[in-house]
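S.K.: So here's data_3.cif, just mmCIF, C-alpha atoms:
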data_target
loop_
_atom_site.group_PDB
_atom_site.id
_atom_site.type_symbol
_atom_site.label_atom_id
_atom_site.label_comp_id
_atom_site.auth_asym_id
_atom_site.auth_seq_id
_atom_site.Cartn_x
_atom_site.Cartn_y
_atom_site.Cartn_z
ATOM 1 C CA MET O 1 -13.766 40.574 -63.554
ATOM 2 C CA THR O 2 -16.429 39.094 -61.277
ATOM 3 C CA ARG O 3 -18.125 41.588 -58.978
ATOM 4 C CA ILE O 4 -19.983 40.695 -55.780
ATOM 5 C CA VAL O 5 -21.536 43.803 -54.242
ATOM 6 C CA LEU O 6 -21.755 43.856 -50.442
ATOM 7 C CA VAL O 7 -24.783 45.597 -48.934
ATOM 8 C CA PRO O 8 -24.841 46.507 -45.220
ATOM 9 C CA GLY O 9 -28.257 46.953 -43.647
ATOM 10 C CA SER O 10 -27.030 49.460 -41.085
ATOM 11 C CA VAL O 11 -25.513 52.922 -41.379
ATOM 12 C CA ARG O 12 -24.053 52.829 -37.861
ATOM 13 C CA ARG O 13 -20.282 53.172 -37.651
ATOM 14 C CA HIS O 14 -18.699 49.857 -36.666
ATOM 15 C CA SER O 15 -22.002 48.005 -37.039
ATOM 16 C CA VAL O 16 -22.035 44.237 -36.688
ATOM 17 C CA THR O 17 -23.474 43.914 -40.194
ATOM 18 C CA SER O 18 -20.427 45.773 -41.532
ATOM 19 C CA ALA O 19 -18.169 43.413 -39.564
ATOM 20 C CA ALA O 20 -20.052 40.448 -41.033
ATOM 21 C CA LEU O 21 -19.470 41.782 -44.542
ATOM 22 C CA ALA O 22 -15.793 42.441 -43.788
ATOM 23 C CA THR O 23 -15.558 38.766 -42.832
ATOM 24 C CA VAL O 24 -17.328 37.795 -46.048
ATOM 25 C CA ARG O 25 -14.911 39.960 -48.045
ATOM 26 C CA ALA O 26 -11.928 38.275 -46.375
ATOM 27 C CA ALA O 27 -13.384 34.857 -47.228
ATOM 28 C CA VAL O 28 -13.832 35.852 -50.878
ATOM 29 C CA VAL O 29 -10.248 37.133 -51.084
ATOM 30 C CA ARG O 30 -8.938 33.852 -49.648
ATOM 31 C CA ARG O 31 -10.778 31.869 -52.332
ATOM 32 C CA GLU O 32 -10.772 33.838 -55.537
ATOM 33 C CA ARG O 33 -8.459 36.282 -57.215
ATOM 34 C CA GLY O 34 -10.178 38.523 -59.687
ATOM 35 C CA VAL O 35 -13.350 39.029 -57.648
ATOM 36 C CA GLU O 36 -14.204 42.606 -56.692
ATOM 37 C CA THR O 37 -16.255 43.191 -53.533
ATOM 38 C CA PRO O 38 -17.378 46.835 -53.497
ATOM 39 C CA TYR O 39 -19.827 48.135 -50.910
ATOM 40 C CA LEU O 40 -23.136 49.778 -51.720
ATOM 41 C CA ASP O 41 -23.611 52.955 -49.646
ATOM 42 C CA VAL O 42 -27.236 52.703 -48.546
ATOM 43 C CA ALA O 43 -26.879 55.808 -46.356
ATOM 44 C CA GLY O 44 -26.453 58.048 -49.400
ATOM 45 C CA LEU O 45 -29.866 57.263 -50.894
ATOM 46 C CA PRO O 46 -32.833 59.609 -50.334
ATOM 47 C CA PHE O 47 -36.251 58.282 -49.344
ATOM 48 C CA TYR O 48 -37.883 56.532 -52.269
ATOM 49 C CA ASP O 49 -40.056 58.943 -54.252
ATOM 50 C CA GLN O 50 -41.817 57.685 -57.375
ATOM 51 C CA ASP O 51 -42.254 61.222 -58.715
ATOM 52 C CA ALA O 52 -38.524 61.911 -58.419
ATOM 53 C CA ASP O 53 -37.757 58.535 -59.985
ATOM 54 C CA GLU O 54 -39.986 59.214 -62.992
ATOM 55 C CA GLU O 55 -38.613 62.739 -63.432
ATOM 56 C CA GLY O 56 -35.027 61.492 -63.297
ATOM 57 C CA ALA O 57 -33.584 59.541 -60.387
ATOM 58 C CA PRO O 58 -31.078 61.354 -58.131
ATOM 59 C CA GLU O 59 -27.382 60.877 -58.921
ATOM 60 C CA SER O 60 -26.813 58.693 -55.839
ATOM 61 C CA VAL O 61 -29.597 56.371 -56.986
ATOM 62 C CA MET O 62 -28.237 56.176 -60.530
ATOM 63 C CA ALA O 63 -24.796 55.292 -59.138
ATOM 64 C CA ALA O 64 -26.294 52.596 -56.879
ATOM 65 C CA ARG O 65 -28.283 51.110 -59.755
ATOM 66 C CA ALA O 66 -25.222 51.111 -62.003
ATOM 67 C CA LEU O 67 -23.137 49.376 -59.326
ATOM 68 C CA VAL O 68 -25.740 46.665 -58.827
ATOM 69 C CA ALA O 69 -26.443 46.327 -62.558
ATOM 70 C CA GLY O 70 -22.745 45.552 -63.043
ATOM 71 C CA ALA O 71 -22.735 42.928 -60.278
ATOM 72 C CA ASP O 72 -22.665 39.175 -60.701
ATOM 73 C CA ALA O 73 -24.206 38.730 -57.232
ATOM 74 C CA LEU O 74 -25.071 40.596 -54.036
ATOM 75 C CA ILE O 75 -24.464 39.636 -50.428
ATOM 76 C CA ILE O 76 -26.697 41.488 -47.975
ATOM 77 C CA ALA O 77 -26.136 41.594 -44.211
ATOM 78 C CA THR O 78 -29.198 42.753 -42.315
ATOM 79 C CA PRO O 79 -29.871 43.690 -38.711
ATOM 80 C CA SER O 80 -33.301 43.207 -37.166
ATOM 81 C CA TYR O 81 -35.312 46.331 -36.442
ATOM 82 C CA ASN O 82 -38.418 45.162 -34.611
ATOM 83 C CA GLY O 83 -38.260 41.840 -36.409
ATOM 84 C CA MET O 84 -37.772 43.252 -39.893
ATOM 85 C CA VAL O 85 -35.037 44.699 -42.088
ATOM 86 C CA SER O 86 -33.934 48.236 -41.380
ATOM 87 C CA GLY O 87 -35.751 51.089 -43.083
ATOM 88 C CA VAL O 88 -32.584 52.211 -44.828
ATOM 89 C CA LEU O 89 -32.061 48.760 -46.368
ATOM 90 C CA LYS O 90 -35.700 48.464 -47.460
ATOM 91 C CA ASN O 91 -35.440 51.941 -48.985
ATOM 92 C CA ALA O 92 -32.341 50.920 -50.966
ATOM 93 C CA LEU O 93 -34.128 47.824 -52.269
ATOM 94 C CA ASP O 94 -37.152 49.913 -53.263
ATOM 95 C CA TRP O 95 -34.922 52.163 -55.399
ATOM 96 C CA LEU O 96 -33.033 49.186 -56.862
ATOM 97 C CA SER O 97 -36.238 47.313 -57.732
ATOM 98 C CA ARG O 98 -37.289 49.970 -60.252
ATOM 99 C CA PRO O 99 -38.142 49.963 -63.107
ATOM 100 C CA TRP O 100 -40.406 47.054 -62.213
ATOM 101 C CA GLY O 101 -39.489 43.833 -64.002
ATOM 102 C CA ALA O 102 -36.355 45.297 -65.592
ATOM 103 C CA SER O 103 -34.404 46.534 -62.586
ATOM 104 C CA ALA O 104 -30.833 45.939 -61.469
ATOM 105 C CA LEU O 105 -32.192 43.260 -59.106
ATOM 106 C CA THR O 106 -34.075 41.276 -61.752
ATOM 107 C CA GLY O 107 -32.508 37.820 -62.055
ATOM 108 C CA LEU O 108 -29.571 38.772 -59.825
ATOM 109 C CA PRO O 109 -28.299 36.095 -57.386
ATOM 110 C CA VAL O 110 -28.431 37.392 -53.789
ATOM 111 C CA ALA O 111 -27.179 35.758 -50.593
ATOM 112 C CA VAL O 112 -28.443 36.868 -47.201
ATOM 113 C CA LEU O 113 -26.987 36.804 -43.699
ATOM 114 C CA SER O 114 -27.806 38.668 -40.519
ATOM 115 C CA ALA O 115 -26.142 39.839 -37.324
ATOM 116 C CA SER O 116 -27.186 41.498 -34.096
ATOM 117 C CA THR O 117 -26.139 42.033 -30.525
ATOM 118 C CA GLY O 118 -29.059 39.822 -29.466
ATOM 119 C CA THR O 119 -29.082 36.065 -29.074
ATOM 120 C CA TYR O 120 -30.854 35.220 -32.332
ATOM 121 C CA GLY O 121 -28.573 37.165 -34.642
ATOM 122 C CA ALA O 122 -31.417 38.990 -36.422
ATOM 123 C CA ALA O 123 -32.634 35.691 -37.889
ATOM 124 C CA ASP O 124 -36.197 37.049 -37.678
ATOM 125 C CA ALA O 125 -35.373 39.682 -40.336
ATOM 126 C CA GLN O 126 -34.212 37.168 -42.950
ATOM 127 C CA PRO O 127 -37.613 35.834 -44.135
ATOM 128 C CA GLY O 128 -38.907 39.353 -44.790
ATOM 129 C CA LEU O 129 -35.730 40.300 -46.633
ATOM 130 C CA CYS O 130 -35.927 37.190 -48.810
ATOM 131 C CA ALA O 131 -39.582 37.951 -49.563
ATOM 132 C CA VAL O 132 -38.707 41.478 -50.725
ATOM 133 C CA LEU O 133 -35.865 40.171 -52.884
ATOM 134 C CA LYS O 134 -38.051 37.521 -54.516
ATOM 135 C CA ARG O 135 -40.804 40.076 -55.152
ATOM 136 C CA ALA O 136 -38.176 42.289 -56.841
ATOM 137 C CA GLY O 137 -37.198 39.407 -59.124
ATOM 138 C CA SER O 138 -33.899 38.429 -57.506
ATOM 139 C CA GLU O 139 -32.703 34.841 -57.273
ATOM 140 C CA VAL O 140 -32.187 34.224 -53.553
ATOM 141 C CA ILE O 141 -29.207 31.888 -53.150
ATOM 142 C CA GLU O 142 -29.929 28.819 -51.063
ATOM 143 C CA HIS O 143 -27.433 28.072 -48.287
ATOM 144 C CA PRO O 144 -27.590 27.153 -44.597
ATOM 145 C CA ARG O 145 -28.772 30.155 -42.600
ATOM 146 C CA VAL O 146 -26.065 32.454 -41.228
ATOM 147 C CA ALA O 147 -27.290 34.512 -38.252
ATOM 148 C CA ILE O 148 -24.583 35.923 -35.983
ATOM 149 C CA GLY O 149 -25.928 36.321 -32.463
ATOM 150 C CA ASN O 150 -24.164 38.206 -29.647
ATOM 151 C CA ALA O 151 -22.188 39.674 -32.509
ATOM 152 C CA GLU O 152 -20.235 42.381 -30.686
ATOM 153 C CA GLN O 153 -18.809 39.932 -28.165
ATOM 154 C CA ARG O 154 -17.804 37.446 -30.870
ATOM 155 C CA LEU O 155 -15.631 39.773 -32.939
ATOM 156 C CA GLY O 156 -12.077 38.488 -33.298
ATOM 157 C CA ARG O 157 -8.809 39.923 -34.482
ATOM 158 C CA GLY O 158 -9.056 42.703 -37.015
ATOM 159 C CA GLY O 159 -12.784 43.083 -36.454
ATOM 160 C CA LEU O 160 -13.600 39.785 -38.191
ATOM 161 C CA TYR O 161 -15.579 36.748 -37.064
ATOM 162 C CA THR O 162 -13.046 33.958 -36.674
ATOM 163 C CA GLU O 163 -14.722 31.366 -34.427
ATOM 164 C CA PRO O 164 -14.390 28.066 -36.324
ATOM 165 C CA ALA O 165 -18.115 27.271 -36.545
ATOM 166 C CA LEU O 166 -19.006 30.801 -37.577
ATOM 167 C CA ALA O 167 -16.135 31.040 -40.061
ATOM 168 C CA SER O 168 -17.289 27.737 -41.567
ATOM 169 C CA ALA O 169 -20.855 29.053 -41.924
ATOM 170 C CA ILE O 170 -19.603 32.190 -43.681
ATOM 171 C CA ASP O 171 -17.364 30.037 -45.887
ATOM 172 C CA GLY O 172 -20.482 28.104 -46.921
ATOM 173 C CA LEU O 173 -22.337 31.293 -47.796
ATOM 174 C CA VAL O 174 -19.375 32.508 -49.870
ATOM 175 C CA ASP O 175 -19.083 29.136 -51.621
ATOM 176 C CA ALA O 176 -22.780 29.240 -52.514
ATOM 177 C CA THR O 177 -22.469 32.807 -53.821
ATOM 178 C CA LEU O 178 -19.409 32.026 -55.924
ATOM 179 C CA GLY O 179 -21.156 28.931 -57.207
ATOM 180 C CA ALA O 180 -24.086 31.080 -58.330
ATOM 181 C CA CYS O 181 -21.944 33.515 -60.307
ATOM 182 C CA LEU O 182 -18.786 31.641 -61.392
ATOM 183 C CA PRO O 183 -18.336 28.573 -63.551
ATOM 184 C CA GLU O 184 -17.840 25.479 -61.374
ATOM 185 C CA PRO O 185 -14.130 24.917 -62.240
ATOM 186 C CA ALA O 186 -13.292 28.536 -61.322
ATOM 187 C CA ILE O 187 -14.281 28.179 -57.684
ATOM 188 C CA GLY O 188 -11.147 28.075 -55.565
ATOM 189 C CA THR O 189 -10.249 25.687 -52.799
ATOM 190 C CA ARG O 190 -12.225 26.223 -49.650
ATOM 191 C CA LEU O 191 -10.181 27.901 -46.938
ATOM 192 C CA SER O 192 -11.355 28.559 -43.433
ATOM 193 C CA LEU O 193 -10.994 31.939 -41.772
ATOM 194 C CA ALA O 194 -10.157 30.009 -38.617
ATOM 195 C CA ASN O 195 -6.742 29.049 -40.036
#
Would you mind writing the file out in structure tokens?

M.R.:
Amino acid sequence: MTRIVLVPGSVRRHSVTSAALATVRAAVVRRERGVETPYLDVAGLPFYDQDADEEGAPESVMAARALVAGADALIIATPSYNGMVSGVLKNALDWLSRPWGASALTGLPVAVLSASTGTYGAADAQPGLCAVLKRAGSEVIEHPRVAIGNAEQRLGRGGLYTEPALASAIDGLVDATLGACLPEPAIGTRLSLAN
């Protein structure tokens, strides 16, 4: 079974990044049967500590690494904290990037989107996130940028983003992710969340 792990960049209850990933999950379900979309719990990871890692990584870290190691792709939704990714997301990526050169992130396709209550949709955090992912050895999936601005006001039924233009952008991100981890004939027919 194909597994696409969803990674929220916020630990806030009902965050807009979680809503963005819920919309992504719905788009995956509409396209492909047999694709799992588990979430990575970034809140459960301690601060990165090289000593602790070398002595034996904490159980929560081992579970996170195992989840990502078993993934065919990741989709990360980031907020913008002062123009960068959140500390909790960066911390998760620091844990996942070890051991250097042979980590769960090495060679893994990763798609990125962002969301915020501000106008620009946390677009300013995406370049830094992509730089971290590339440094960790991930294959950042190319697709038109998805940055959901004024995200709280744009939530539709069921806490999903259903505006046609936004749904189409998320569809494109999902198509690119499936294309990076599934054989071409296996990709299902494109369906819009707006329907």

S.K.: Per residue of segment 9-83 of chain O within 12 Å of segment 115-133 of chain O, what are the shortest atom pair and its distance in Å to one decimal, counting all atoms listed in the file, with rows by chain and residue number, as a tab-separated table?

M.R.:
residue	atom	partner	partner_atom	distance
O:Gly9	CA	O:Ala115	CA	9.8
O:Ser10	CA	O:Ala115	CA	10.4
O:Ser15	CA	O:Ser116	CA	8.8
O:Val16	CA	O:Ala115	CA	6.1
O:Thr17	CA	O:Ala115	CA	5.7
O:Ser18	CA	O:Ala115	CA	9.3
O:Ala19	CA	O:Ala115	CA	9.0
O:Ala20	CA	O:Ala115	CA	7.2
O:Leu21	CA	O:Ala115	CA	10.0
O:Thr23	CA	O:Ala115	CA	12.0
O:Leu74	CA	O:Leu133	CA	10.9
O:Ile75	CA	O:Leu133	CA	11.7
O:Ile76	CA	O:Leu129	CA	9.2
O:Ala77	CA	O:Ala115	CA	7.1
O:Thr78	CA	O:Ala115	CA	6.5
O:Pro79	CA	O:Ala122	CA	5.5
O:Ser80	CA	O:Ala122	CA	4.7
O:Tyr81	CA	O:Ala125	CA	7.7
O:Asn82	CA	O:Ala125	CA	8.5
O:Gly83	CA	O:Ala125	CA	5.3

S.K.: Please produce an output containing C-alpha atoms for each residue in the selection, written as a PDB file, in the coordinates of the input.

M.R.:
ATOM      1  CA  GLY O   9     -28.257  46.953 -43.647  1.00  0.00           C
ATOM      2  CA  SER O  10     -27.030  49.460 -41.085  1.00  0.00           C
ATOM      3  CA  SER O  15     -22.002  48.005 -37.039  1.00  0.00           C
ATOM      4  CA  VAL O  16     -22.035  44.237 -36.688  1.00  0.00           C
ATOM      5  CA  THR O  17     -23.474  43.914 -40.194  1.00  0.00           C
ATOM      6  CA  SER O  18     -20.427  45.773 -41.532  1.00  0.00           C
ATOM      7  CA  ALA O  19     -18.169  43.413 -39.564  1.00  0.00           C
ATOM      8  CA  ALA O  20     -20.052  40.448 -41.033  1.00  0.00           C
ATOM      9  CA  LEU O  21     -19.470  41.782 -44.542  1.00  0.00           C
ATOM     10  CA  THR O  23     -15.558  38.766 -42.832  1.00  0.00           C
ATOM     11  CA  LEU O  74     -25.071  40.596 -54.036  1.00  0.00           C
ATOM     12  CA  ILE O  75     -24.464  39.636 -50.428  1.00  0.00           C
ATOM     13  CA  ILE O  76     -26.697  41.488 -47.975  1.00  0.00           C
ATOM     14  CA  ALA O  77     -26.136  41.594 -44.211  1.00  0.00           C
ATOM     15  CA  THR O  78     -29.198  42.753 -42.315  1.00  0.00           C
ATOM     16  CA  PRO O  79     -29.871  43.690 -38.711  1.00  0.00           C
ATOM     17  CA  SER O  80     -33.301  43.207 -37.166  1.00  0.00           C
ATOM     18  CA  TYR O  81     -35.312  46.331 -36.442  1.00  0.00           C
ATOM     19  CA  ASN O  82     -38.418  45.162 -34.611  1.00  0.00           C
ATOM     20  CA  GLY O  83     -38.260  41.840 -36.409  1.00  0.00           C
TER      21      GLY O  83
END

S.K.: Atom CA of Arg31 of chain O and atom CA of Gly149 of chain O are how many Å apart?

M.R.: 25.4 Å

S.K.: Tell me, as a count of residues only, which residues lie within 9 Å of segment 97-102 of chain O, counting all atoms listed in the file; anything in the same chain fewer than 6 positions away does not count.

M.R.: 5

S.K.: Using the chain letters and numbering of this document, enumerate as number ranges by chain the residues selected by the PyMOL selection byres ((chain O and resi 28) around 10).

M.R.: O: 4, 22-27, 29-37, 170-171, 174-175, 177-178, 188, 190-191

S.K.: Can you tell me how far atom CA of Ala176 of chain O sits from atom CA of Val61 of chain O, in Å to one decimal?

M.R.: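 Atom-to-atom, atom CA of Ala176 of chain O to atom CA of Val61 of chain O, that is 28.3 Å.
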
S.K.: Would you mind listing what lies within 10 Å of Pro38 of chain O as a VMD selection string, with only C-alpha atoms counted and same-chain residues fewer than 4 positions away left out?

M.R.: chain O and resid 3 to 7 25 67 to 68 71 74

S.K.: Closest to Ala63 of chain O among O:Ser168, O:Leu96, O:Leu89, O:Phe47, using only C-alpha atoms?

M.R.: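 Nearest candidate to Ala63 of chain O out of O:Ser168, O:Leu96, O:Leu89, O:Phe47: O:Leu96.
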
S.K.: In Å, with one decimal, what is the gap from atom CA of Cys181 of chain O to atom CA of Ala73 of chain O?

M.R.: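 A separation of 6.5 Å between them.
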
S.K.: So, with only C-alpha atoms as the atoms that count, which of O:Val88, O:Val11, O:Ala147, O:Ala66 lies closest to Pro46 of chain O?

M.R.: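 Result for the nearest residue to Pro46 of chain O: O:Val88.
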
S.K.: Determine the nearest neighbour of Gly179 of chain O from the options O:Glu54, O:Asp49, O:Asp72, O:Asp41, counting only C-alpha atoms.

M.R.: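 For Gly179 of chain O, the nearest of the given residues is O:Asp72.
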
S.K.: Can you translate the PyMOL selection byres ((chain O and resi 107) around 7) into the concrete residues it hits in this file, as a PDB file with C-alpha atoms, keeping the file's coordinate frame?

M.R.:
ATOM      1  CA  LEU O 105     -32.192  43.260 -59.106  1.00  0.00           C
ATOM      2  CA  THR O 106     -34.075  41.276 -61.752  1.00  0.00           C
ATOM      3  CA  LEU O 108     -29.571  38.772 -59.825  1.00  0.00           C
ATOM      4  CA  PRO O 109     -28.299  36.095 -57.386  1.00  0.00           C
ATOM      5  CA  GLY O 137     -37.198  39.407 -59.124  1.00  0.00           C
ATOM      6  CA  SER O 138     -33.899  38.429 -57.506  1.00  0.00           C
ATOM      7  CA  GLU O 139     -32.703  34.841 -57.273  1.00  0.00           C
TER       8      GLU O 139
END

S.K.: Can you tell me, as a list in words, what residues are no more than 10 Å from Arg154 of chain O when counting only C-alpha atoms, ignoring any on the same chain fewer than 5 positions away?

M.R.: Val16, Thr117, Ile148, Gly149, Gly159, Leu160, Tyr161, Thr162, Glu163 and Leu166 of chain O

S.K.: As AutoDock Vina command-line options, please report the centre and edge lengths, rounded to one decimal in Å, of the axis-aligned box that holds all listed atoms of segment 125-139 of chain O with 5 Å of padding on each of the six sides.

M.R.:
--center_x -36.8 --center_y 38.6 --center_z -49.7 --size_x 18.1 --size_y 17.4 --size_z 28.8
